[in-house]
Number of protein chains: 4
Amino acid sequence: MARKRSDDKRRRILQAAVKVFARKGYFAARVAEIAARAGVADGTIYLYFRGKEDILVSLFDELMAEHVERASQEMQAVEDAPSRLRLIAEHHLRALGADRDLAVVFQVELRQSTKFMERFTASWLGRYFDLVGSVIEQGQREGTLRADVPRKLVAKAFFGTLDELVTSWVIGRKDYDLALLAGPAVDLLLRGAAAAGASTSGRAVLSVAAGRGGR
Amino acid sequence: MARKRSDDKRRRILQAAVKVFARKGYFAARVAEIAARAGVADGTIYLYFRGKEDILVSLFDELMAEHVERASQEMQAVEDAPSRLRLIAEHHLRALGADRDLAVVFQVELRQSTKFMERFTASWLGRYFDLVGSVIEQGQREGTLRADVPRKLVAKAFFGTLDELVTSWVIGRKDYDLALLAGPAVDLLLRGAAAAGASTSGRAVLSVAAGRGGR
Amino acid sequence: MARKRSDDKRRRILQAAVKVFARKGYFAARVAEIAARAGVADGTIYLYFRGKEDILVSLFDELMAEHVERASQEMQAVEDAPSRLRLIAEHHLRALGADRDLAVVFQVELRQSTKFMERFTASWLGRYFDLVGSVIEQGQREGTLRADVPRKLVAKAFFGTLDELVTSWVIGRKDYDLALLAGPAVDLLLRGAAAAGASTSGRAVLSVAAGRGGR
Amino acid sequence: MARKRSDDKRRRILQAAVKVFARKGYFAARVAEIAARAGVADGTIYLYFRGKEDILVSLFDELMAEHVERASQEMQAVEDAPSRLRLIAEHHLRALGADRDLAVVFQVELRQSTKFMERFTASWLGRYFDLVGSVIEQGQREGTLRADVPRKLVAKAFFGTLDELVTSWVIGRKDYDLALLAGPAVDLLLRGAAAAGASTSGRAVLSVAAGRGGR
DNA sequence: GATGAATGAGCGTTCATTCAT
DNA sequence: GATGAATGAACGCTCATTCAT
């Protein structure tokens with residue numbers, strides 16, 4: 001453990017950083033302000049983090065590892081893929097909907113640069129997509145999900161939809177319960193927006209493109 | 001004609017800015033580098049823009065106004081809502097898939113801060129959502145789209161899915177044709193991921209939440 | 001020429017730097033103070049120099065190149081090696097004795113670190129030793145200087161003596177004319193400190209060691 | 001015995017400091033690195049020294065007092081001034097030639113600033129010059145050294161020459177035995193660089209000081 | 001309009017020193 | 001005496017912006 005004395009100080013710095021990053025933005029955020037808000041001296045920051053950037057990266061690494069793990073565990077409560085997707089979505093929206101500052105950091109600050117995005121994608125998001133992808137695969141095997149849709153596309157639609165819901169909520173500053181949207185969102189993803197009986201013209205294209213698309 | 005030369009400089013500055021913002025990121029981008037790449041003096045930038053931020057904002061305002069307008073026109077080629085959504089999606093993916101630097105700016109750099117995000121949402125994205133929303137409403141009226149799903153939710157799923165597709169493409173650096181994903185993505189949105197005949201348990205929740213969720 | 005506009009500004013910065021380095025020492029010297037004393041903005045320094053260290057290095061490179069050149073020219077006024085050594089010594093002591101701040105910079109600040117010392121040795125001092133060495137060689141050829149003393153040793157004694165005279169003068173802060181010591185110092189170097197007729201026991205050792213000694 | 005352990009720590013700190021100062025330079029040297037190398041905690045340094053500067057000053061005061069004392073004793077082994085100068089020179093070169101790190105500290109680090117230089121001059125160097133000066137005076141009284149040369153000049157030439165030899169050796173990093181240069185250097189100082197019988201053109205200056213002719 | 005030299009505010013980080021344990 | 005976590009003052013440098021030419 002690289003930590004010196006108190007995990008308490010480390011936690012206070014991270015909490016302060018969430019507030020400051022969310023209110024000022026990563027670049028405009030001042031290390032001195034984070035320190036002041038955490039109740040430590042400026043230099044103390046550097047006993048716990050390598051620098052300003054390491055604070056942001058640590059926020060993401062440490063807090064989110066927990067959430068992916070938790071989503072993975074929570075979904076075990078049910079068996080079928082559709083239900084599991086619903087639980088994951090609920091957890092996703094609940095976790096970010098519970099703390100707007102944290103949501104700002106995740107929806108906005110962590111996407112500052114392609115550098116952060118790549119890191120974001122490579123670690124947390126990668127594992128998240130793996131989790132969702134495995135549930136989708138399960139659904140296709142058990143017959144609850146269409147097998148003619150590329151798994152990656154479904155995963156991206158799933159994540160993209162949730163991500164947009166969170167971003168809208170963060171930016172809109174309206175005070176509704178984000179987690180309540182999990183059910184409708186997953187229902188839409190599963191049943192589609194088309195009216196029953198309506199024919200959709202996407203079929204041909206779909207079969208052509210099936211299997212394509214990297215991440 | 002002086003006017004013409006000026007417009008040329010302005011365009012060159014914006015084009016240079018796209019390259020520099022995409023490669024360095026907004027904060028790390030140097031005004032001097034944009035000027036050099038545009039072939040103008042540093043000070044000349046300030047004859048055309050109020051400052052660095054104004055370049056980014058102008059990029060978005062000017063280039064994207066065109067895309068929303070074009071998407072609106074292109075969709076007139078077909079009548080029914082599902083087809084129109086497909087055309088809009090194709091245009092969305094084609095426009096960003098044609099220029100990765102531009103895509104980086106839109107997917108990453110323009111989302112630097114809540115300030116940019118809010119401006120982004122208020123102008124271009126607002127009109128884009130209005131466009132998509134009106135098509136969805138049309139679909140609900142004409143019976144091609146389910147009427148029991150909140151329009152805003154469908155619009156967010158539509159945009160969120162496309163946005164995630166673009167972001168994945170940008171970050172992944174793999175060289176596939178983004179526009180080919182429009183058909184499968186819209187098909188998924190319309191028909192859903194659930195296998196035919198599978199019952200989804202989201203119904204009850206959906207009806208409870210129907211009508212909720214602002215942005 | 002890397003310089004932008006005015007050589008005047010560059011010169012003013014160098015002159016200010018001599019004062020500040022001499023009074024505060026290199027490390028304690030503040031770039032802001034140099035700028036203020038030169039009458040330019042802090043940032044202007046960086047239009048003319050790569051950084052604080054480059055100011056010190058430039059001081060040395062630019063001002064001293066001139067002195068070596070001048071010493072080389074001045075000594076041409078006479079023919080025999082002893083006279084030439086006297087002229088070089090006079091120039092050395094006159095140049096540094098004319099400006100105590102400059103002397104402080106050369107005797108003290110430029111010797112901050114082995115890094116500076118090595119650079120110092122490699123460029124200016126190297127050429128200076130070459131100059132002195134060539135005069136000594138001339139003297140040995142023409143028969144005015146002993147041939148049984150390693151040239152490098154004589155050169156080091158020559159430089160070391162002058163260097164110590166300057167350093168003593170700088171540190172002592174007494175107000176005598178440094179250049180007046182050139183004659184006596186060179187006389188001592190040439191004729192030695194021993195009384196005529198006194199036998200010195202160094203001979204054997206000398207011949208053993210003759211030819212040794214790197215720099 | 002606590003006293004013994006303390007002295008041991010103090011010595012270890014000083015030894016560590018020589019290494020660190022020599023390798024990094026005084027300013028770049030980190031107190032923490034000295035502590036680590038000495039095997040004590042950072043704070044422990046301050047139980048033995050007032051601060052970083054005090055370590056350097058103490059190094060010089062304590063280690064060099066010993067050397068001056070020893071040089072003074074060693075020269076008693078012989079009687080005449082020339083021999084005594086030779087012994088002092090040998091001791092000077094041997095002491096510094098035995099430990100390059102120590103030599104770096106003395107030739108380079110201790111000359112960082114006029115402040116150090118003045119202190120250096122006032123204490124150790126002052127006593128060293130007194131010692132050398134008294135030997136020169138003795139030589140002039142006993143008739144082995146010319147009486148027409150200012151004692152201080154001879155002392156400065158003596159020290160300056162040795163100092164330059166040490167500095168060259170330190171900077172040059174060549175691996176010859178520094179102490180072997182004592183003989184030739186003192187021989188040069190005593191007998192001069194001029195060839196026997198050669199008339200030196202310094203005569204005019206010399207005759208001012210009532211000097212003698214060439215040998 | 002165009003230039004580019006000049007400006008100067010602004011800040012992340014280091015590290016000598018302290019002091020509670 | 002010894003420790004080492006905590007402190008916080010201090011500063012070189014960058015770069016968006018200005019303005020005299």
# chains A, B, ... in the order shown; residues from 1 in each chain; ligands from 1

$ residues_around --residues "DG8 of chain E" --least-positions-apart "5" --cutoff "8 Å" --atoms "only C-alpha atoms (C1' of nucleotides)" --output "list of chain:residue names"
C:Ala41, C:Asp42, C:Gly43

$ interface_residues --of "chain B" --to "chain F" --cutoff "9 Å" --atoms "only C-alpha atoms (C1' of nucleotides)" --output "VMD selection string"
chain B and resid 30 to 32 43 46 51 to 52

$ residues_around --residues "Gly39 of chain A" --least-positions-apart "6" --cutoff "9 Å" --atoms "only C-alpha atoms (C1' of nucleotides)" --output "CSV table (one decimal) with all heavy atoms, in the first residue's frame"
chain,number,residue,atom,x,y,z
A,9,LYS,N,-7.7,10.8,5.0
A,9,LYS,CA,-7.2,12.0,4.2
A,9,LYS,C,-7.4,11.8,2.8
A,9,LYS,O,-7.9,12.6,2.0
A,9,LYS,CB,-5.8,12.3,4.5
A,9,LYS,CG,-5.5,13.1,5.8
A,9,LYS,CD,-4.3,14.0,5.7
A,9,LYS,CE,-4.1,14.9,6.9
A,9,LYS,NZ,-3.7,14.1,8.1
A,12,ARG,N,-11.0,12.1,1.9
A,12,ARG,CA,-11.4,13.5,1.9
A,12,ARG,C,-10.9,14.3,0.7
A,12,ARG,O,-11.6,15.1,0.2
A,12,ARG,CB,-10.9,14.2,3.2
A,12,ARG,CG,-11.9,14.1,4.4
A,12,ARG,CD,-11.2,14.3,5.7
A,12,ARG,NE,-10.4,15.4,5.8
A,12,ARG,CZ,-9.3,15.5,6.6
A,12,ARG,NH1,-9.0,14.5,7.4
A,12,ARG,NH2,-8.6,16.6,6.6
A,13,ILE,N,-9.7,14.0,0.3
A,13,ILE,CA,-9.2,14.6,-0.9
A,13,ILE,C,-10.0,14.2,-2.2
A,13,ILE,O,-10.4,15.1,-3.0
A,13,ILE,CB,-7.7,14.3,-1.2
A,13,ILE,CG1,-6.9,14.9,-0.1
A,13,ILE,CG2,-7.2,14.8,-2.5
A,13,ILE,CD1,-5.4,14.4,0.0

$ closest_residue --among "A:Arg37, A:Arg23, A:Arg50, A:Arg146" --to "chain E" --atoms "only C-alpha atoms (C1' of nucleotides)"
A:Arg50

$ interface_residues --of "chain E" --to "chain C" --cutoff "8 Å" --atoms "only C-alpha atoms (C1' of nucleotides)" --output "list in words"
DA5, DA6, DT7 and DG8 of chain E

$ write_last_selection --atoms "C-alpha atoms (C1' of nucleotides)" --output "PDB file, in the first residue's frame"
ATOM      1  C1'  DA E   5       6.601  41.391 -30.267  1.00  0.00           C
ATOM      2  C1'  DA E   6       5.348  42.239 -25.880  1.00  0.00           C
ATOM      3  C1'  DT E   7       2.664  41.503 -21.974  1.00  0.00           C
ATOM      4  C1'  DG E   8       1.764  39.612 -17.125  1.00  0.00           C
TER       5       DG E   8
END

$ residues_around --residues "Ser123 of chain D" --least-positions-apart "6" --cutoff "12 Å" --atoms "only C-alpha atoms (C1' of nucleotides)" --output "tab-separated table (two decimals) with N, CA, C and O atoms, in the first residue's frame"
chain	number	residue	atom	x	y	z
D	57	VAL	N	28.42	23.74	5.66
D	57	VAL	CA	29.36	24.55	6.44
D	57	VAL	C	30.13	23.66	7.43
D	57	VAL	O	31.34	23.81	7.61
D	58	SER	N	29.42	22.74	8.04
D	58	SER	CA	30.07	21.87	9.01
D	58	SER	C	31.07	20.95	8.35
D	58	SER	O	32.15	20.67	8.88
D	60	PHE	N	32.84	21.53	5.84
D	60	PHE	CA	34.01	22.33	5.58
D	60	PHE	C	34.76	22.65	6.87
D	60	PHE	O	35.98	22.41	6.98
D	61	ASP	N	34.04	23.10	7.88
D	61	ASP	CA	34.69	23.47	9.13
D	61	ASP	C	35.38	22.29	9.78
D	61	ASP	O	36.54	22.37	10.17
D	62	GLU	N	34.67	21.19	9.87
D	62	GLU	CA	35.20	20.09	10.65
D	62	GLU	C	36.26	19.29	9.90
D	62	GLU	O	37.31	18.97	10.46
D	64	MET	N	38.07	20.19	7.28
D	64	MET	CA	39.22	20.94	6.85
D	64	MET	C	40.10	21.45	7.98
D	64	MET	O	41.30	21.61	7.80
D	65	ALA	N	39.51	21.71	9.11
D	65	ALA	CA	40.33	22.12	10.25
D	65	ALA	C	41.42	21.08	10.45
D	65	ALA	O	42.59	21.40	10.68
D	68	VAL	N	44.26	21.42	7.71
D	68	VAL	CA	45.21	22.52	7.93
D	68	VAL	C	46.16	22.13	9.06
D	68	VAL	O	47.38	22.29	8.97
D	116	PHE	N	29.18	31.81	0.83
D	116	PHE	CA	30.03	30.67	1.17
D	116	PHE	C	31.51	31.02	0.97
D	116	PHE	O	32.36	30.67	1.77
D	117	MET	N	31.78	31.68	-0.12
D	117	MET	CA	33.15	32.04	-0.44
D	117	MET	C	33.76	32.88	0.67
D	117	MET	O	34.92	32.70	1.07
D	129	PHE	N	46.28	30.36	4.31
D	129	PHE	CA	47.15	31.42	3.77
D	129	PHE	C	48.14	31.90	4.83
D	129	PHE	O	49.30	32.23	4.51
D	130	ASP	N	47.69	31.93	6.07
D	130	ASP	CA	48.61	32.33	7.15
D	130	ASP	C	49.77	31.34	7.23
D	130	ASP	O	50.94	31.72	7.38

$ interface_residues --of "chain D" --to "chain C" --cutoff "6 Å" --atoms "only C-alpha atoms" --output "number ranges by chain"
D: 25, 112-113, 144-146, 157, 160-161, 164, 168, 172, 183-184, 187, 189-195, 198, 202

$ write_last_selection --atoms "all heavy atoms" --output "compact mmCIF listing (two decimals), in the first residue's frame"
# COMPACT_ATOMS: atom_id res chain seq x y z
N GLY D 25 25.04 18.29 -6.56
CA GLY D 25 25.22 19.72 -6.36
C GLY D 25 24.42 20.14 -5.13
O GLY D 25 23.42 19.52 -4.79
N GLN D 112 29.61 28.06 -4.28
CA GLN D 112 28.29 28.38 -4.78
C GLN D 112 27.98 29.86 -4.79
O GLN D 112 27.30 30.37 -5.65
CB GLN D 112 27.25 27.76 -3.84
CG GLN D 112 27.27 26.30 -3.78
CD GLN D 112 26.43 25.70 -4.84
OE1 GLN D 112 25.47 26.31 -5.24
NE2 GLN D 112 26.80 24.55 -5.31
N SER D 113 28.36 30.49 -3.73
CA SER D 113 27.87 31.85 -3.51
C SER D 113 28.96 32.66 -2.84
O SER D 113 29.86 32.12 -2.22
CB SER D 113 26.65 31.80 -2.60
OG SER D 113 27.05 31.35 -1.32
N THR D 144 66.23 31.66 1.21
CA THR D 144 65.92 30.68 0.16
C THR D 144 64.87 31.19 -0.81
O THR D 144 64.71 30.68 -1.91
CB THR D 144 65.42 29.35 0.77
OG1 THR D 144 64.36 29.65 1.69
CG2 THR D 144 66.55 28.65 1.51
N LEU D 145 64.13 32.19 -0.40
CA LEU D 145 63.12 32.76 -1.30
C LEU D 145 63.42 34.23 -1.55
O LEU D 145 63.93 34.94 -0.68
CB LEU D 145 61.72 32.62 -0.68
CG LEU D 145 61.21 31.19 -0.47
CD1 LEU D 145 59.77 31.23 0.05
CD2 LEU D 145 61.29 30.39 -1.75
N ARG D 146 63.12 34.67 -2.75
CA ARG D 146 63.35 36.06 -3.12
C ARG D 146 62.58 36.98 -2.17
O ARG D 146 61.40 36.74 -1.88
CB ARG D 146 62.83 36.33 -4.54
CG ARG D 146 63.68 35.73 -5.63
CD ARG D 146 62.92 35.70 -6.95
NE ARG D 146 62.55 37.04 -7.38
CZ ARG D 146 61.73 37.29 -8.40
NH1 ARG D 146 61.18 36.28 -9.06
NH2 ARG D 146 61.45 38.52 -8.73
N ALA D 157 49.75 32.63 -5.70
CA ALA D 157 50.21 31.80 -6.81
C ALA D 157 50.27 30.34 -6.37
O ALA D 157 49.89 29.42 -7.12
CB ALA D 157 51.57 32.27 -7.29
N GLY D 160 46.61 29.22 -5.82
CA GLY D 160 45.91 29.25 -7.11
C GLY D 160 46.34 28.11 -8.00
O GLY D 160 45.51 27.47 -8.67
N THR D 161 47.64 27.84 -8.02
CA THR D 161 48.13 26.75 -8.85
C THR D 161 47.60 25.40 -8.37
O THR D 161 47.07 24.60 -9.16
CB THR D 161 49.68 26.74 -8.84
OG1 THR D 161 50.15 27.97 -9.43
CG2 THR D 161 50.22 25.56 -9.64
N GLU D 164 43.88 25.09 -9.07
CA GLU D 164 43.57 24.80 -10.47
C GLU D 164 43.91 23.35 -10.83
O GLU D 164 43.20 22.71 -11.59
CB GLU D 164 44.34 25.76 -11.38
CG GLU D 164 44.19 25.49 -12.87
CD GLU D 164 42.75 25.54 -13.35
OE1 GLU D 164 41.93 26.26 -12.72
OE2 GLU D 164 42.42 24.85 -14.34
N SER D 168 41.05 20.95 -12.22
CA SER D 168 41.21 20.27 -13.50
C SER D 168 41.06 18.77 -13.35
O SER D 168 40.41 18.11 -14.16
CB SER D 168 42.60 20.55 -14.07
OG SER D 168 42.74 21.90 -14.41
N GLY D 172 38.10 17.01 -15.13
CA GLY D 172 38.56 16.18 -16.24
C GLY D 172 38.24 14.71 -16.11
O GLY D 172 38.17 13.98 -17.07
N GLY D 183 55.40 18.01 -6.65
CA GLY D 183 56.81 18.32 -6.91
C GLY D 183 56.99 19.28 -8.07
O GLY D 183 57.54 20.38 -7.90
N PRO D 184 56.51 18.90 -9.25
CA PRO D 184 56.67 19.78 -10.40
C PRO D 184 56.05 21.16 -10.18
O PRO D 184 56.63 22.17 -10.58
CB PRO D 184 55.93 19.03 -11.51
CG PRO D 184 56.00 17.60 -11.10
CD PRO D 184 55.95 17.60 -9.60
N ASP D 187 58.28 23.12 -7.87
CA ASP D 187 59.50 23.45 -8.61
C ASP D 187 59.27 24.63 -9.55
O ASP D 187 60.08 25.55 -9.64
CB ASP D 187 59.96 22.24 -9.41
CG ASP D 187 61.20 22.55 -10.23
OD1 ASP D 187 62.29 22.65 -9.63
OD2 ASP D 187 61.07 22.74 -11.46
N LEU D 189 56.97 26.90 -9.26
CA LEU D 189 56.78 28.10 -8.47
C LEU D 189 58.12 28.68 -8.00
O LEU D 189 58.34 29.90 -8.01
CB LEU D 189 55.91 27.79 -7.24
CG LEU D 189 55.70 28.99 -6.30
CD1 LEU D 189 54.71 29.98 -6.94
CD2 LEU D 189 55.19 28.56 -4.94
N LEU D 190 59.02 27.78 -7.63
CA LEU D 190 60.29 28.26 -7.08
C LEU D 190 61.25 28.70 -8.17
O LEU D 190 61.86 29.78 -8.08
CB LEU D 190 60.93 27.14 -6.26
CG LEU D 190 60.17 26.74 -4.99
CD1 LEU D 190 60.83 25.53 -4.33
CD2 LEU D 190 60.11 27.93 -4.00
N ARG D 191 61.43 27.92 -9.18
CA ARG D 191 62.43 28.22 -10.19
C ARG D 191 61.91 29.01 -11.38
O ARG D 191 62.69 29.57 -12.15
CB ARG D 191 63.06 26.90 -10.69
CG ARG D 191 63.66 26.09 -9.51
CD ARG D 191 64.77 25.21 -10.00
NE ARG D 191 64.28 24.22 -10.94
CZ ARG D 191 64.94 23.85 -12.05
NH1 ARG D 191 66.12 24.40 -12.34
NH2 ARG D 191 64.43 22.94 -12.85
N GLY D 192 60.61 29.04 -11.55
CA GLY D 192 60.04 29.82 -12.64
C GLY D 192 60.04 29.07 -13.95
O GLY D 192 60.67 28.02 -14.10
N ALA D 193 59.27 29.61 -14.88
CA ALA D 193 59.12 28.97 -16.18
C ALA D 193 60.15 29.45 -17.18
O ALA D 193 60.34 28.86 -18.24
CB ALA D 193 57.71 29.23 -16.72
N ALA D 194 60.81 30.55 -16.86
CA ALA D 194 61.76 31.11 -17.82
C ALA D 194 63.01 30.25 -17.94
O ALA D 194 63.48 29.66 -16.96
CB ALA D 194 62.14 32.54 -17.41
N ALA D 195 63.53 30.19 -19.17
CA ALA D 195 64.77 29.45 -19.38
C ALA D 195 65.92 30.18 -18.70
O ALA D 195 65.92 31.41 -18.59
CB ALA D 195 65.04 29.34 -20.88
N ALA D 198 67.66 33.43 -20.06
CA ALA D 198 66.74 34.22 -20.87
C ALA D 198 66.38 35.49 -20.12
O ALA D 198 66.12 35.47 -18.93
CB ALA D 198 65.47 33.41 -21.15
N GLY D 202 59.94 41.42 -18.34
CA GLY D 202 59.26 41.99 -17.17
C GLY D 202 60.21 42.84 -16.36
O GLY D 202 59.85 43.37 -15.32

$ residues_around --residues "Val18 of chain C" --least-positions-apart "6" --cutoff "9 Å" --atoms "only C-alpha atoms (C1' of nucleotides)" --output "number ranges by chain"
C: 34, 56, 59, 101-102, 104-105

$ write_last_selection --atoms "N, CA and C atoms" --output "mmCIF file, in the first residue's frame"
data_model
loop_
_atom_site.group_PDB
_atom_site.id
_atom_site.type_symbol
_atom_site.label_atom_id
_atom_site.label_comp_id
_atom_site.auth_asym_id
_atom_site.auth_seq_id
_atom_site.Cartn_x
_atom_site.Cartn_y
_atom_site.Cartn_z
ATOM 1 N N ILE C 34 15.131 40.038 -12.590
ATOM 2 C CA ILE C 34 15.915 40.361 -13.784
ATOM 3 C C ILE C 34 15.046 41.131 -14.769
ATOM 4 N N LEU C 56 22.446 32.558 -17.983
ATOM 5 C CA LEU C 56 23.796 32.430 -17.427
ATOM 6 C C LEU C 56 24.768 31.896 -18.479
ATOM 7 N N LEU C 59 25.477 34.549 -21.078
ATOM 8 C CA LEU C 59 26.380 35.551 -20.521
ATOM 9 C C LEU C 59 27.808 35.123 -20.765
ATOM 10 N N ASP C 101 30.741 43.096 -10.607
ATOM 11 C CA ASP C 101 29.587 42.208 -10.739
ATOM 12 C C ASP C 101 29.863 41.110 -11.762
ATOM 13 N N LEU C 102 30.444 41.519 -12.858
ATOM 14 C CA LEU C 102 30.779 40.530 -13.881
ATOM 15 C C LEU C 102 31.789 39.526 -13.325
ATOM 16 N N VAL C 104 32.153 38.640 -10.250
ATOM 17 C CA VAL C 104 31.467 37.734 -9.327
ATOM 18 C C VAL C 104 30.800 36.617 -10.114
ATOM 19 N N VAL C 105 30.138 37.000 -11.193
ATOM 20 C CA VAL C 105 29.455 35.994 -11.996
ATOM 21 C C VAL C 105 30.455 34.964 -12.522
#

$ atom_distance --atom1 "atom CA of Val166 of chain D" --atom2 "atom CA of Asp8 of chain D"
29.6 Å

$ atom_distance --atom1 "atom CA of Gly97 of chain C" --atom2 "atom CA of Ala179 of chain C"
6.7 Å

$ decode --residues "segment 174-186 of chain B" --atoms "N, CA, C and O atoms" --output "CSV table (one decimal), in the first residue's frame"
chain,number,residue,atom,x,y,z
B,174,LYS,N,-10.5,2.1,-35.2
B,174,LYS,CA,-10.6,1.0,-36.2
B,174,LYS,C,-11.3,1.6,-37.5
B,174,LYS,O,-12.0,2.6,-37.4
B,175,ASP,N,-11.0,1.0,-38.6
B,175,ASP,CA,-11.3,1.8,-39.8
B,175,ASP,C,-12.5,1.2,-40.6
B,175,ASP,O,-12.4,0.9,-41.8
B,176,TYR,N,-13.6,1.1,-39.9
B,176,TYR,CA,-14.8,0.6,-40.6
B,176,TYR,C,-15.7,1.8,-41.0
B,176,TYR,O,-15.5,2.9,-40.5
B,177,ASP,N,-16.7,1.5,-41.9
B,177,ASP,CA,-17.5,2.6,-42.4
B,177,ASP,C,-18.7,2.8,-41.4
B,177,ASP,O,-19.6,2.0,-41.3
B,178,LEU,N,-18.6,3.9,-40.7
B,178,LEU,CA,-19.5,4.2,-39.6
B,178,LEU,C,-21.0,4.2,-40.1
B,178,LEU,O,-21.9,3.8,-39.5
B,179,ALA,N,-21.1,4.8,-41.3
B,179,ALA,CA,-22.5,5.0,-41.8
B,179,ALA,C,-23.3,3.7,-42.1
B,179,ALA,O,-24.5,3.7,-42.0
B,180,LEU,N,-22.5,2.6,-42.2
B,180,LEU,CA,-23.2,1.3,-42.4
B,180,LEU,C,-23.9,0.8,-41.2
B,180,LEU,O,-24.7,-0.1,-41.3
B,181,LEU,N,-23.6,1.5,-40.1
B,181,LEU,CA,-24.3,1.0,-38.8
B,181,LEU,C,-25.6,1.7,-38.7
B,181,LEU,O,-26.4,1.3,-37.8
B,182,ALA,N,-26.0,2.6,-39.5
B,182,ALA,CA,-27.2,3.4,-39.4
B,182,ALA,C,-28.4,2.4,-39.5
B,182,ALA,O,-29.3,2.4,-38.6
B,183,GLY,N,-28.4,1.6,-40.5
B,183,GLY,CA,-29.5,0.6,-40.7
B,183,GLY,C,-29.7,-0.3,-39.5
B,183,GLY,O,-30.8,-0.3,-38.9
B,184,PRO,N,-28.7,-1.0,-39.1
B,184,PRO,CA,-28.9,-1.9,-38.0
B,184,PRO,C,-29.3,-1.2,-36.7
B,184,PRO,O,-30.1,-1.7,-35.9
B,185,ALA,N,-28.7,0.0,-36.5
B,185,ALA,CA,-29.0,0.7,-35.3
B,185,ALA,C,-30.5,1.1,-35.2
B,185,ALA,O,-31.2,0.9,-34.2
B,186,VAL,N,-31.0,1.6,-36.3
B,186,VAL,CA,-32.4,2.0,-36.3
B,186,VAL,C,-33.3,0.8,-36.3
B,186,VAL,O,-34.3,0.8,-35.6
